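Engineer: Below is a structure I'd like to ask you about.
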Amino acid sequence: MTGSAGLDRLLAVLSGGVEVVDLAQPLVNGMPCSPNHPGFRMALARRHGDTVRADGGSSASEIFTTGGHVGTHIDALSHVSQDGLLHGGRDSAEAQRGGAFSVHGIDTVAPMVCRATLLDVAALHGADCLPAGHGITAAELAAAARRAGVEPGAGEVCLINTGWSRRWNDPPAYLGFETGVPGIAPDAARWLVERGIRAAGTDTMAFEQIPAGRGHSIMPVHRIMLVDAGVHIVENMRFDGLTEAAATEFGFVLAPLRIVGGTGSPVRPLALLSR
């Protein structure tokens with residue numbers, strides 16, 4: 001979103017002319033988490049009444065721990081390497097020396113304020129949710145784009161709805177290690193990359209297709225997107241508000257935490273829908 005169009009959209013938001021749709025899942029103890037990452041835990045470290053000030057006031061605060069790839073989050077380009085190399089041919093061992101990435105860290109990812117498109121592949125098949133283990137092909141993405149009357153553009157964000165977030169409150173079903181999880185197949189990843197997008201996101205744990213019984217052992221789409229093309233991945237999104245509004249293109253806002261040298265960050269993406 002640039003120039004006068006971006007300013008017009010910003011002014012519309014400030015004047016109440018845009019509906020803001022939250023695309024993030026809640027962070028809560030026990031939520032689904034890949035076994036590759038430490039899960040989210042939150043507890044009150046200080047409770048009201050533990051200490052009471054002379055005027056009767058009290059305060060409470062929490063402590064929480066989480067991995068960078070837990071809940072709704074974005075992957076930095078340092079997240080995946082291939083044959084010892086990160087995106088752009090940077091040596092991964094050298095880049096991670098000292099315990100934090102000197103290149104491609106999540107702190108280098110600029111906030112995104114741009115146009116986004118939603119390709120509803122579940123709706124393309126007349127379903128609320130794609131079958132477990134379904135691999136989304138390039139042909140399906142192209143058909144979903146034609147159906148929606150939109151085309152992902154250079155420097156923009158493309159979101160893909162599988163409907164899998166309906167299983168969010170059932171962690172074993174959502175992770176789908178036994179059943180598989182629908183997601184992007186390699187040819188669909190290349191279709192996205194060819195459009196010059198800066199990021200793509202979906203409503204599953206791993207973005208890409210997870211066949212039954214394989215888990216997160218081999219992830220070719222992550223290599224295509226992060227290593228080969230330098231395109232960021234956003235996972236564990238929630239699209240209910242977009243599908244209910246039949247939204248296909250909209251303003252989009254996402255900002256990672258500035259975790260210096262990190263490989264990912266929790267995010268709270270927002271869609272801006274014209275009223």
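Naming works like this for the structure tokens: A, B, ... for the chains as they're shown, residue 1 at the start of each chain, ligands 1 onward in shown order.
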Can you check which residues of segment 12-99 of chain A DSSP gives as helix (DSSP H, G or I) on the backbone and send them as a PyMOL selection string?
Structural biologist: chain A and resi 12-14+77-79+87-89+92-95
Engineer: So which residues touch Ala144 of chain A within 12 Å, counting only C-alpha atoms, skipping near sequence neighbours fewer than 6 positions away, as a ChimeraX atom specification?
Structural biologist: /A:117-126,136-138,150-152,158-162,188,248
Engineer: Can you write just those residues out, all heavy atoms, as a short mmCIF file (atom, residue, chain, number, x, y, z; two decimals), in the first residue's frame?
Structural biologist:
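selection10.cif, freshly written:
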```cif
data_model
loop_
_atom_site.label_atom_id
_atom_site.label_comp_id
_atom_site.auth_asym_id
_atom_site.auth_seq_id
_atom_site.Cartn_x
_atom_site.Cartn_y
_atom_site.Cartn_z
N THR A 117 -4.71 -10.71 -0.56
CA THR A 117 -5.80 -11.45 -1.19
C THR A 117 -6.03 -12.74 -0.42
O THR A 117 -5.10 -13.31 0.15
CB THR A 117 -5.47 -11.78 -2.65
OG1 THR A 117 -4.20 -12.42 -2.72
CG2 THR A 117 -5.45 -10.52 -3.50
N LEU A 118 -7.28 -13.20 -0.42
CA LEU A 118 -7.63 -14.48 0.18
C LEU A 118 -8.08 -15.43 -0.91
O LEU A 118 -9.04 -15.13 -1.65
CB LEU A 118 -8.74 -14.33 1.22
CG LEU A 118 -9.21 -15.65 1.85
CD1 LEU A 118 -8.13 -16.22 2.78
CD2 LEU A 118 -10.51 -15.45 2.63
N LEU A 119 -7.40 -16.56 -1.04
CA LEU A 119 -7.80 -17.61 -1.96
C LEU A 119 -8.43 -18.73 -1.14
O LEU A 119 -7.75 -19.40 -0.36
CB LEU A 119 -6.59 -18.13 -2.73
CG LEU A 119 -5.78 -17.08 -3.51
CD1 LEU A 119 -4.67 -17.73 -4.30
CD2 LEU A 119 -6.68 -16.23 -4.38
N ASP A 120 -9.74 -18.89 -1.28
CA ASP A 120 -10.49 -19.84 -0.46
C ASP A 120 -10.57 -21.18 -1.19
O ASP A 120 -11.51 -21.42 -1.96
CB ASP A 120 -11.89 -19.29 -0.16
CG ASP A 120 -12.59 -20.05 0.95
OD1 ASP A 120 -12.20 -21.21 1.22
OD2 ASP A 120 -13.53 -19.49 1.56
N VAL A 121 -9.59 -22.03 -0.95
CA VAL A 121 -9.54 -23.32 -1.64
C VAL A 121 -10.60 -24.27 -1.10
O VAL A 121 -11.13 -25.11 -1.84
CB VAL A 121 -8.14 -23.94 -1.54
CG1 VAL A 121 -8.06 -25.26 -2.29
CG2 VAL A 121 -7.09 -22.97 -2.10
N ALA A 122 -10.95 -24.14 0.18
CA ALA A 122 -12.03 -24.97 0.72
C ALA A 122 -13.33 -24.68 0.00
O ALA A 122 -14.03 -25.60 -0.44
CB ALA A 122 -12.17 -24.72 2.22
N ALA A 123 -13.65 -23.39 -0.17
CA ALA A 123 -14.89 -23.01 -0.87
C ALA A 123 -14.86 -23.43 -2.33
O ALA A 123 -15.89 -23.76 -2.91
CB ALA A 123 -15.10 -21.50 -0.75
N LEU A 124 -13.66 -23.43 -2.93
CA LEU A 124 -13.53 -23.88 -4.32
C LEU A 124 -14.07 -25.30 -4.48
O LEU A 124 -14.65 -25.64 -5.51
CB LEU A 124 -12.06 -23.82 -4.73
CG LEU A 124 -11.70 -24.32 -6.13
CD1 LEU A 124 -12.24 -23.37 -7.19
CD2 LEU A 124 -10.19 -24.48 -6.28
N HIS A 125 -13.90 -26.11 -3.44
CA HIS A 125 -14.37 -27.49 -3.46
C HIS A 125 -15.76 -27.64 -2.82
O HIS A 125 -16.20 -28.77 -2.57
CB HIS A 125 -13.37 -28.39 -2.74
CG HIS A 125 -12.08 -28.55 -3.48
ND1 HIS A 125 -11.92 -29.41 -4.54
CD2 HIS A 125 -10.87 -27.93 -3.34
CE1 HIS A 125 -10.68 -29.34 -5.01
NE2 HIS A 125 -10.02 -28.44 -4.30
N GLY A 126 -16.41 -26.52 -2.52
CA GLY A 126 -17.74 -26.58 -1.93
C GLY A 126 -17.75 -27.14 -0.53
O GLY A 126 -18.74 -27.73 -0.09
N ILE A 136 -2.64 -28.88 -1.89
CA ILE A 136 -3.18 -27.82 -2.73
C ILE A 136 -2.22 -27.58 -3.90
O ILE A 136 -1.04 -27.30 -3.71
CB ILE A 136 -3.36 -26.52 -1.93
CG1 ILE A 136 -4.36 -26.75 -0.79
CG2 ILE A 136 -3.81 -25.38 -2.83
CD1 ILE A 136 -4.45 -25.59 0.18
N THR A 137 -2.74 -27.69 -5.12
CA THR A 137 -1.91 -27.56 -6.31
C THR A 137 -1.94 -26.13 -6.85
O THR A 137 -2.79 -25.31 -6.48
CB THR A 137 -2.41 -28.50 -7.40
OG1 THR A 137 -3.73 -28.09 -7.81
CG2 THR A 137 -2.46 -29.95 -6.91
N ALA A 138 -1.02 -25.86 -7.78
CA ALA A 138 -1.01 -24.57 -8.46
C ALA A 138 -2.32 -24.35 -9.21
O ALA A 138 -2.85 -23.24 -9.24
CB ALA A 138 0.18 -24.51 -9.41
N VAL A 150 -9.57 -12.12 -8.17
CA VAL A 150 -8.39 -11.40 -7.68
C VAL A 150 -7.13 -12.09 -8.18
O VAL A 150 -7.17 -13.26 -8.59
CB VAL A 150 -8.36 -11.32 -6.14
CG1 VAL A 150 -9.56 -10.56 -5.62
CG2 VAL A 150 -8.28 -12.71 -5.51
N GLU A 151 -6.02 -11.37 -8.14
CA GLU A 151 -4.73 -11.92 -8.49
C GLU A 151 -3.71 -11.41 -7.48
O GLU A 151 -3.57 -10.20 -7.29
CB GLU A 151 -4.32 -11.49 -9.90
CG GLU A 151 -2.96 -11.98 -10.36
CD GLU A 151 -2.93 -13.47 -10.71
OE1 GLU A 151 -4.01 -14.09 -10.78
OE2 GLU A 151 -1.82 -14.00 -10.91
N PRO A 152 -2.99 -12.31 -6.79
CA PRO A 152 -1.94 -11.86 -5.87
C PRO A 152 -0.91 -11.04 -6.64
O PRO A 152 -0.53 -11.40 -7.76
CB PRO A 152 -1.34 -13.16 -5.34
CG PRO A 152 -2.41 -14.19 -5.57
CD PRO A 152 -3.12 -13.78 -6.81
N CYS A 158 -0.46 -13.07 0.20
CA CYS A 158 -1.52 -13.97 -0.26
C CYS A 158 -1.87 -14.94 0.87
O CYS A 158 -0.98 -15.61 1.42
CB CYS A 158 -1.08 -14.74 -1.50
SG CYS A 158 -2.37 -15.82 -2.18
N LEU A 159 -3.14 -15.02 1.21
CA LEU A 159 -3.63 -15.91 2.26
C LEU A 159 -4.43 -17.04 1.62
O LEU A 159 -5.17 -16.81 0.66
CB LEU A 159 -4.50 -15.13 3.25
CG LEU A 159 -3.86 -13.86 3.83
CD1 LEU A 159 -4.83 -13.16 4.76
CD2 LEU A 159 -2.55 -14.18 4.55
N ILE A 160 -4.30 -18.24 2.16
CA ILE A 160 -4.96 -19.42 1.59
C ILE A 160 -5.79 -20.09 2.68
O ILE A 160 -5.26 -20.52 3.71
CB ILE A 160 -3.93 -20.43 1.03
CG1 ILE A 160 -3.11 -19.77 -0.09
CG2 ILE A 160 -4.64 -21.67 0.50
CD1 ILE A 160 -1.76 -19.26 0.34
N ASN A 161 -7.10 -20.16 2.45
CA ASN A 161 -7.99 -20.76 3.42
C ASN A 161 -8.20 -22.24 3.12
O ASN A 161 -8.65 -22.61 2.03
CB ASN A 161 -9.36 -20.06 3.41
CG ASN A 161 -10.31 -20.66 4.45
OD1 ASN A 161 -9.95 -20.79 5.61
ND2 ASN A 161 -11.51 -21.02 4.02
N THR A 162 -7.89 -23.10 4.11
CA THR A 162 -8.17 -24.53 4.01
C THR A 162 -9.36 -24.94 4.87
O THR A 162 -9.89 -26.03 4.71
CB THR A 162 -6.95 -25.36 4.47
OG1 THR A 162 -6.82 -25.27 5.90
CG2 THR A 162 -5.66 -24.88 3.80
N ALA A 188 2.36 -25.44 -6.04
CA ALA A 188 1.58 -24.28 -5.59
C ALA A 188 2.50 -23.23 -4.97
O ALA A 188 2.28 -22.03 -5.13
CB ALA A 188 0.51 -24.71 -4.60
N THR A 248 -12.24 -10.94 -0.37
CA THR A 248 -11.23 -11.54 -1.24
C THR A 248 -9.99 -10.66 -1.39
O THR A 248 -8.91 -11.17 -1.68
CB THR A 248 -11.81 -11.82 -2.63
OG1 THR A 248 -12.30 -10.60 -3.19
CG2 THR A 248 -12.93 -12.84 -2.56
#
```
Engineer: Determine, using only C-alpha atoms, which residues of segment 15-132 of chain A have any atom at most 6 Å from an atom of segment 267-274 of chain A, and tabulate each with its shortest atom pair and distance in Å to one decimal place, rows ordered by chain and then rising number, as a tab-separated table.
Structural biologist:
```
residue	atom	partner	partner_atom	distance
A:Val18	CA	A:Ser274	CA	4.7
A:Glu19	CA	A:Leu273	CA	5.0
A:Val20	CA	A:Leu272	CA	4.8
A:Val21	CA	A:Ala271	CA	5.0
A:Asp22	CA	A:Leu270	CA	5.0
A:Leu23	CA	A:Pro269	CA	5.3
A:Ala24	CA	A:Arg268	CA	5.1
A:Thr72	CA	A:Val267	CA	5.9
A:His73	CA	A:Val267	CA	5.0
```
Engineer: Given the choices A:Gly105, A:Pro186, A:Pro211, A:Gly149, which gets closest to Pro131 of chain A if the distance is worked out from only C-alpha atoms?
Structural biologist: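 Residue with the minimum atom-to-atom distance to Pro131 of chain A: A:Pro211.
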Engineer: Could you check the closest approach to Glu140 of chain A for each of A:Leu85, A:Ala245, A:Ile184, A:Leu44 and tell me which residue wins, using only C-alpha atoms?
Structural biologist: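 So, comparing all the options, the nearest one is A:Ile184.
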Engineer: Name the residues of segment 23-262 of chain A that come out as strand (DSSP E) in a backbone DSSP run; write them as JSON, numbers by chain.
Structural biologist: {"A": [41, 42, 43, 44, 45, 46, 61, 62, 63, 64, 65, 73, 74, 75, 112, 113, 114, 115, 116, 117, 118, 119, 120, 135, 136, 157, 158, 159, 160, 161, 183, 184, 199, 200, 201, 202, 232, 233, 234, 235, 249, 250, 251, 252, 253, 254]}
Engineer: Would you mind exporting the chosen residues as a tab-separated table (two decimals), in the first residue's frame, restricted to N, CA and C atoms?
Structural biologist:
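Final output, saved to out.tsv:
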```tsv
chain	number	residue	atom	x	y	z
A	41	ARG	N	3.33	-21.06	27.49
A	41	ARG	CA	2.91	-21.23	28.87
A	41	ARG	C	2.81	-19.86	29.52
A	42	MET	N	1.72	-19.63	30.23
A	42	MET	CA	1.53	-18.36	30.92
A	42	MET	C	1.00	-18.62	32.32
A	43	ALA	N	1.53	-17.88	33.29
A	43	ALA	CA	1.06	-17.98	34.67
A	43	ALA	C	1.23	-16.62	35.34
A	44	LEU	N	0.40	-16.36	36.33
A	44	LEU	CA	0.55	-15.13	37.09
A	44	LEU	C	1.77	-15.24	38.00
A	45	ALA	N	2.70	-14.32	37.84
A	45	ALA	CA	3.88	-14.27	38.71
A	45	ALA	C	3.61	-13.43	39.95
A	46	ARG	N	2.66	-12.52	39.85
A	46	ARG	CA	2.29	-11.64	40.96
A	46	ARG	C	0.78	-11.50	40.92
A	61	SER	N	0.76	-9.30	37.61
A	61	SER	CA	1.54	-9.42	36.38
A	61	SER	C	1.82	-10.89	36.12
A	62	GLU	N	2.21	-11.18	34.88
A	62	GLU	CA	2.39	-12.56	34.49
A	62	GLU	C	3.80	-12.81	33.98
A	63	ILE	N	4.12	-14.09	33.85
A	63	ILE	CA	5.31	-14.52	33.15
A	63	ILE	C	4.84	-15.50	32.09
A	64	PHE	N	5.41	-15.39	30.88
A	64	PHE	CA	5.06	-16.36	29.86
A	64	PHE	C	6.30	-16.75	29.08
A	65	THR	N	6.28	-17.97	28.57
A	65	THR	CA	7.35	-18.47	27.71
A	65	THR	C	6.71	-18.98	26.42
A	73	HIS	N	2.14	-16.86	13.77
A	73	HIS	CA	3.51	-16.36	13.75
A	73	HIS	C	4.00	-16.24	12.32
A	74	ILE	N	5.12	-15.53	12.16
A	74	ILE	CA	5.75	-15.38	10.85
A	74	ILE	C	7.17	-15.94	10.92
A	75	ASP	N	7.57	-16.61	9.83
A	75	ASP	CA	8.91	-17.17	9.74
A	75	ASP	C	9.88	-16.15	9.17
A	112	MET	N	4.49	-4.96	7.67
A	112	MET	CA	3.78	-5.06	6.39
A	112	MET	C	2.48	-4.27	6.47
A	113	VAL	N	2.33	-3.31	5.61
A	113	VAL	CA	1.08	-2.56	5.44
A	113	VAL	C	0.85	-2.54	3.94
A	114	CYS	N	-0.02	-3.42	3.47
A	114	CYS	CA	-0.12	-3.64	2.03
A	114	CYS	C	-1.47	-4.25	1.67
A	115	ARG	N	-1.66	-4.50	0.39
A	115	ARG	CA	-2.83	-5.23	-0.08
A	115	ARG	C	-2.62	-6.72	0.15
A	116	ALA	N	-3.71	-7.42	0.46
A	116	ALA	CA	-3.66	-8.87	0.59
A	116	ALA	C	-4.86	-9.47	-0.13
A	117	THR	N	-4.71	-10.71	-0.56
A	117	THR	CA	-5.80	-11.45	-1.19
A	117	THR	C	-6.03	-12.74	-0.42
A	118	LEU	N	-7.28	-13.20	-0.42
A	118	LEU	CA	-7.63	-14.48	0.18
A	118	LEU	C	-8.08	-15.43	-0.91
A	119	LEU	N	-7.40	-16.56	-1.04
A	119	LEU	CA	-7.80	-17.61	-1.96
A	119	LEU	C	-8.43	-18.73	-1.14
A	120	ASP	N	-9.74	-18.89	-1.28
A	120	ASP	CA	-10.49	-19.84	-0.46
A	120	ASP	C	-10.57	-21.18	-1.19
A	135	GLY	N	-3.20	-32.04	-0.73
A	135	GLY	CA	-2.15	-31.18	-1.26
A	135	GLY	C	-2.73	-30.16	-2.22
A	136	ILE	N	-2.64	-28.88	-1.89
A	136	ILE	CA	-3.18	-27.82	-2.73
A	136	ILE	C	-2.22	-27.58	-3.90
A	157	VAL	N	0.63	-9.73	0.04
A	157	VAL	CA	0.49	-10.95	0.86
A	157	VAL	C	-0.67	-11.77	0.31
A	158	CYS	N	-0.46	-13.07	0.20
A	158	CYS	CA	-1.52	-13.97	-0.26
A	158	CYS	C	-1.87	-14.94	0.87
A	159	LEU	N	-3.14	-15.02	1.21
A	159	LEU	CA	-3.63	-15.91	2.26
A	159	LEU	C	-4.43	-17.04	1.62
A	160	ILE	N	-4.30	-18.24	2.16
A	160	ILE	CA	-4.96	-19.42	1.59
A	160	ILE	C	-5.79	-20.09	2.68
A	161	ASN	N	-7.10	-20.16	2.45
A	161	ASN	CA	-7.99	-20.76	3.42
A	161	ASN	C	-8.20	-22.24	3.12
A	183	GLY	N	-2.53	-28.63	2.84
A	183	GLY	CA	-1.59	-27.52	2.72
A	183	GLY	C	-1.03	-27.40	1.32
A	184	ILE	N	-0.15	-26.43	1.17
A	184	ILE	CA	0.43	-26.10	-0.12
A	184	ILE	C	1.40	-27.18	-0.59
A	199	ALA	N	4.90	-12.36	1.25
A	199	ALA	CA	4.56	-13.33	2.29
A	199	ALA	C	3.28	-14.06	1.90
A	200	ALA	N	3.14	-15.27	2.42
A	200	ALA	CA	1.92	-16.06	2.24
A	200	ALA	C	1.55	-16.67	3.58
A	201	GLY	N	0.26	-16.83	3.82
A	201	GLY	CA	-0.17	-17.37	5.09
A	201	GLY	C	-1.35	-18.29	4.95
A	202	THR	N	-1.51	-19.18	5.92
A	202	THR	CA	-2.65	-20.08	5.93
A	202	THR	C	-3.04	-20.44	7.35
A	232	HIS	N	8.30	-14.89	2.99
A	232	HIS	CA	7.96	-15.24	4.37
A	232	HIS	C	6.67	-16.07	4.43
A	233	ILE	N	6.57	-16.88	5.48
A	233	ILE	CA	5.41	-17.75	5.71
A	233	ILE	C	4.76	-17.36	7.03
A	234	VAL	N	3.42	-17.23	7.02
A	234	VAL	CA	2.65	-16.96	8.23
A	234	VAL	C	1.75	-18.17	8.47
A	235	GLU	N	1.77	-18.69	9.69
A	235	GLU	CA	1.04	-19.92	9.99
A	235	GLU	C	0.07	-19.73	11.15
A	249	GLU	N	-10.11	-9.35	-1.23
A	249	GLU	CA	-8.95	-8.46	-1.22
A	249	GLU	C	-9.19	-7.34	-0.21
A	250	PHE	N	-8.13	-6.90	0.45
A	250	PHE	CA	-8.28	-6.01	1.60
A	250	PHE	C	-6.92	-5.46	1.99
A	251	GLY	N	-6.93	-4.44	2.80
A	251	GLY	CA	-5.70	-3.96	3.40
A	251	GLY	C	-5.22	-4.95	4.45
A	252	PHE	N	-3.92	-4.97	4.67
A	252	PHE	CA	-3.34	-5.97	5.56
A	252	PHE	C	-2.23	-5.32	6.37
A	253	VAL	N	-2.21	-5.63	7.69
A	253	VAL	CA	-1.20	-5.07	8.58
A	253	VAL	C	-0.60	-6.21	9.41
A	254	LEU	N	0.72	-6.28	9.44
A	254	LEU	CA	1.41	-7.29	10.24
A	254	LEU	C	2.76	-6.72	10.65
```
Engineer: So that I can see what lies close to Ser78 of chain A, please list as a PDB file with N, CA, C and O atoms, in the first residue's frame the residues with an atom at most 6 Å from it, counting only C-alpha atoms and leaving out residues fewer than 2 positions away in the same chain.
Structural biologist:
```pdb
ATOM      1  N   ALA A  76      11.030 -15.990   9.831  1.00  0.00           N
ATOM      2  CA  ALA A  76      12.133 -15.231   9.251  1.00  0.00           C
ATOM      3  C   ALA A  76      12.859 -16.113   8.234  1.00  0.00           C
ATOM      4  O   ALA A  76      12.721 -17.344   8.234  1.00  0.00           O
ATOM      5  N   VAL A  80      14.998 -21.604   7.995  1.00  0.00           N
ATOM      6  CA  VAL A  80      15.281 -22.842   7.257  1.00  0.00           C
ATOM      7  C   VAL A  80      16.551 -22.655   6.428  1.00  0.00           C
ATOM      8  O   VAL A  80      16.778 -21.595   5.847  1.00  0.00           O
ATOM      9  N   HIS A 104      19.286 -12.188   8.224  1.00  0.00           N
ATOM     10  CA  HIS A 104      17.960 -12.778   8.038  1.00  0.00           C
ATOM     11  C   HIS A 104      17.208 -13.019   9.342  1.00  0.00           C
ATOM     12  O   HIS A 104      16.306 -13.876   9.399  1.00  0.00           O
ATOM     13  N   GLY A 105      17.557 -12.317  10.420  1.00  0.00           N
ATOM     14  CA  GLY A 105      16.805 -12.444  11.661  1.00  0.00           C
ATOM     15  C   GLY A 105      15.430 -11.800  11.533  1.00  0.00           C
ATOM     16  O   GLY A 105      15.186 -10.949  10.659  1.00  0.00           O
ATOM     17  N   THR A 263      14.403 -16.366  14.708  1.00  0.00           N
ATOM     18  CA  THR A 263      13.983 -17.049  13.478  1.00  0.00           C
ATOM     19  C   THR A 263      12.494 -16.929  13.210  1.00  0.00           C
ATOM     20  O   THR A 263      12.010 -17.396  12.178  1.00  0.00           O
TER      21      THR A 263
END
```
Engineer: At a cut-off of 9 Å, using only C-alpha atoms, what residues contact Asp107 of chain A? Leave out same-chain residues fewer than 3 positions from it and give the result as a list in words.
Structural biologist: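 Here the answer would be Ala76, His104, Ala110, Pro256, Leu257, Arg258, Ile259, Val260, Gly261, Gly262, Thr263 and Gly264 of chain A.
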Engineer: Restrict the selected residues to N, CA, C and O atoms and save them as a compact mmCIF listing (two decimals), in the first residue's frame.
Structural biologist:
```
# COMPACT_ATOMS: atom_id res chain seq x y z
N ALA A 76 11.03 -15.99 9.83
CA ALA A 76 12.13 -15.23 9.25
C ALA A 76 12.86 -16.11 8.23
O ALA A 76 12.72 -17.34 8.23
N HIS A 104 19.29 -12.19 8.22
CA HIS A 104 17.96 -12.78 8.04
C HIS A 104 17.21 -13.02 9.34
O HIS A 104 16.31 -13.88 9.40
N ALA A 110 10.57 -5.97 7.90
CA ALA A 110 9.85 -4.72 8.07
C ALA A 110 8.36 -4.96 8.28
O ALA A 110 7.80 -5.96 7.79
N PRO A 256 6.15 -8.03 13.01
CA PRO A 256 6.81 -8.97 13.92
C PRO A 256 7.42 -8.23 15.11
O PRO A 256 7.75 -7.04 15.01
N LEU A 257 7.59 -8.93 16.22
CA LEU A 257 8.37 -8.39 17.32
C LEU A 257 9.83 -8.27 16.88
O LEU A 257 10.32 -9.10 16.11
N ARG A 258 10.52 -7.28 17.40
CA ARG A 258 11.92 -7.06 16.99
C ARG A 258 12.86 -7.90 17.87
O ARG A 258 13.61 -7.38 18.70
N ILE A 259 12.77 -9.20 17.70
CA ILE A 259 13.60 -10.15 18.44
C ILE A 259 14.92 -10.28 17.68
O ILE A 259 14.99 -10.93 16.63
N VAL A 260 15.95 -9.64 18.17
CA VAL A 260 17.20 -9.54 17.42
C VAL A 260 17.81 -10.92 17.20
O VAL A 260 18.07 -11.68 18.15
N GLY A 261 17.99 -11.28 15.94
CA GLY A 261 18.59 -12.55 15.59
C GLY A 261 17.67 -13.73 15.69
O GLY A 261 18.12 -14.88 15.58
N GLY A 262 16.37 -13.51 15.88
CA GLY A 262 15.41 -14.60 16.01
C GLY A 262 14.99 -15.17 14.67
O GLY A 262 15.16 -14.55 13.62
N THR A 263 14.40 -16.37 14.71
CA THR A 263 13.98 -17.05 13.48
C THR A 263 12.49 -16.93 13.21
O THR A 263 12.01 -17.40 12.18
N GLY A 264 11.75 -16.34 14.13
CA GLY A 264 10.32 -16.17 13.95
C GLY A 264 9.75 -15.32 15.05
O GLY A 264 10.44 -15.02 16.04
```
Engineer: So that I can check the surroundings of segment 192-196 of chain A, please list as a ChimeraX atom specification every protein, DNA and RNA residue that reaches within 7 Å of it, counting only C-alpha atoms and ignoring chain neighbours fewer than 2 positions away.
Structural biologist: /A:152-155,188-190,198,229
Engineer: Between atom CA of Ala247 of chain A and atom CA of Pro32 of chain A, what is the distance, to one decimal in Å?
Structural biologist: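 We find that atom CA of Ala247 of chain A and atom CA of Pro32 of chain A lie 26.8 Å from each other.
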Engineer: Using only C-alpha atoms, find the one residue out of A:Asp170, A:Ala148, A:Ile197, A:Ile106 that sits nearest to Ala246 of chain A.
Structural biologist: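 For Ala246 of chain A, the nearest of the candidates is A:Ala148.
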Engineer: May I have the residues within 9 Å of Leu86 of chain A as a list in words, using only C-alpha atoms and disregarding those fewer than 5 positions away in the same chain?
Structural biologist: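 Here the answer would be Leu77, Ser78, His79, Val80, Ser81, Asp91, Ser92, Ala95, His104, Leu226, Val227 and Asp228 of chain A.
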Engineer: Filtering to N, CA, C and O atoms, could you give me those residues as a PDB file, in the first residue's frame?
Structural biologist:
```
ATOM      1  N   LEU A  77      13.654 -15.506   7.372  1.00  0.00           N
ATOM      2  CA  LEU A  77      14.382 -16.277   6.371  1.00  0.00           C
ATOM      3  C   LEU A  77      15.482 -17.128   6.999  1.00  0.00           C
ATOM      4  O   LEU A  77      15.984 -18.064   6.373  1.00  0.00           O
ATOM      5  N   SER A  78      15.841 -16.840   8.245  1.00  0.00           N
ATOM      6  CA  SER A  78      16.834 -17.656   8.951  1.00  0.00           C
ATOM      7  C   SER A  78      16.253 -18.959   9.479  1.00  0.00           C
ATOM      8  O   SER A  78      16.992 -19.803  10.002  1.00  0.00           O
ATOM      9  N   HIS A  79      14.959 -19.151   9.351  1.00  0.00           N
ATOM     10  CA  HIS A  79      14.287 -20.310   9.944  1.00  0.00           C
ATOM     11  C   HIS A  79      14.701 -21.625   9.287  1.00  0.00           C
ATOM     12  O   HIS A  79      14.737 -22.669   9.940  1.00  0.00           O
ATOM     13  N   VAL A  80      14.998 -21.604   7.995  1.00  0.00           N
ATOM     14  CA  VAL A  80      15.281 -22.842   7.257  1.00  0.00           C
ATOM     15  C   VAL A  80      16.551 -22.655   6.428  1.00  0.00           C
ATOM     16  O   VAL A  80      16.778 -21.595   5.847  1.00  0.00           O
ATOM     17  N   SER A  81      17.370 -23.701   6.396  1.00  0.00           N
ATOM     18  CA  SER A  81      18.541 -23.725   5.523  1.00  0.00           C
ATOM     19  C   SER A  81      18.469 -24.959   4.629  1.00  0.00           C
ATOM     20  O   SER A  81      17.732 -25.907   4.913  1.00  0.00           O
ATOM     21  N   ASP A  91      25.968 -18.503   4.624  1.00  0.00           N
ATOM     22  CA  ASP A  91      26.349 -19.675   5.391  1.00  0.00           C
ATOM     23  C   ASP A  91      25.604 -19.707   6.718  1.00  0.00           C
ATOM     24  O   ASP A  91      25.716 -18.783   7.533  1.00  0.00           O
ATOM     25  N   SER A  92      24.818 -20.773   6.955  1.00  0.00           N
ATOM     26  CA  SER A  92      23.967 -20.828   8.150  1.00  0.00           C
ATOM     27  C   SER A  92      24.790 -20.958   9.427  1.00  0.00           C
ATOM     28  O   SER A  92      24.460 -20.369  10.463  1.00  0.00           O
ATOM     29  N   ALA A  95      26.208 -17.597  10.205  1.00  0.00           N
ATOM     30  CA  ALA A  95      25.147 -16.638  10.537  1.00  0.00           C
ATOM     31  C   ALA A  95      24.614 -16.826  11.949  1.00  0.00           C
ATOM     32  O   ALA A  95      24.180 -15.850  12.589  1.00  0.00           O
ATOM     33  N   HIS A 104      19.286 -12.188   8.224  1.00  0.00           N
ATOM     34  CA  HIS A 104      17.960 -12.778   8.038  1.00  0.00           C
ATOM     35  C   HIS A 104      17.208 -13.019   9.342  1.00  0.00           C
ATOM     36  O   HIS A 104      16.306 -13.876   9.399  1.00  0.00           O
ATOM     37  N   LEU A 226      11.264 -19.981   1.731  1.00  0.00           N
ATOM     38  CA  LEU A 226      12.188 -19.235   2.581  1.00  0.00           C
ATOM     39  C   LEU A 226      13.611 -19.197   2.030  1.00  0.00           C
ATOM     40  O   LEU A 226      14.256 -18.138   2.032  1.00  0.00           O
ATOM     41  N   VAL A 227      14.108 -20.348   1.569  1.00  0.00           N
ATOM     42  CA  VAL A 227      15.500 -20.420   1.140  1.00  0.00           C
ATOM     43  C   VAL A 227      15.662 -19.963  -0.306  1.00  0.00           C
ATOM     44  O   VAL A 227      16.467 -19.086  -0.623  1.00  0.00           O
ATOM     45  N   ASP A 228      14.887 -20.561  -1.203  1.00  0.00           N
ATOM     46  CA  ASP A 228      15.053 -20.261  -2.624  1.00  0.00           C
ATOM     47  C   ASP A 228      14.534 -18.877  -3.000  1.00  0.00           C
ATOM     48  O   ASP A 228      15.188 -18.149  -3.755  1.00  0.00           O
TER      49      ASP A 228
END
```
Engineer: Have a look at A:Arg214, A:Arg97, A:His134, A:Arg146 and name the one nearest to Ala185 of chain A; count only C-alpha atoms.
Structural biologist: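 Using only C-alpha atoms, the shortest distance to Ala185 of chain A belongs to A:His134.
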Engineer: So how far away is atom CA of Thr204 of chain A from atom CA of Gly39 of chain A, in Å?
Structural biologist: 15.9 Å
Engineer: When distances are computed from only C-alpha atoms, which of A:Ala100, A:Gln82, A:Gly89, A:Ala173 shows the smallest separation from His222 of chain A?
Structural biologist: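 Closest to His222 of chain A, using only C-alpha atoms: A:Gln82.
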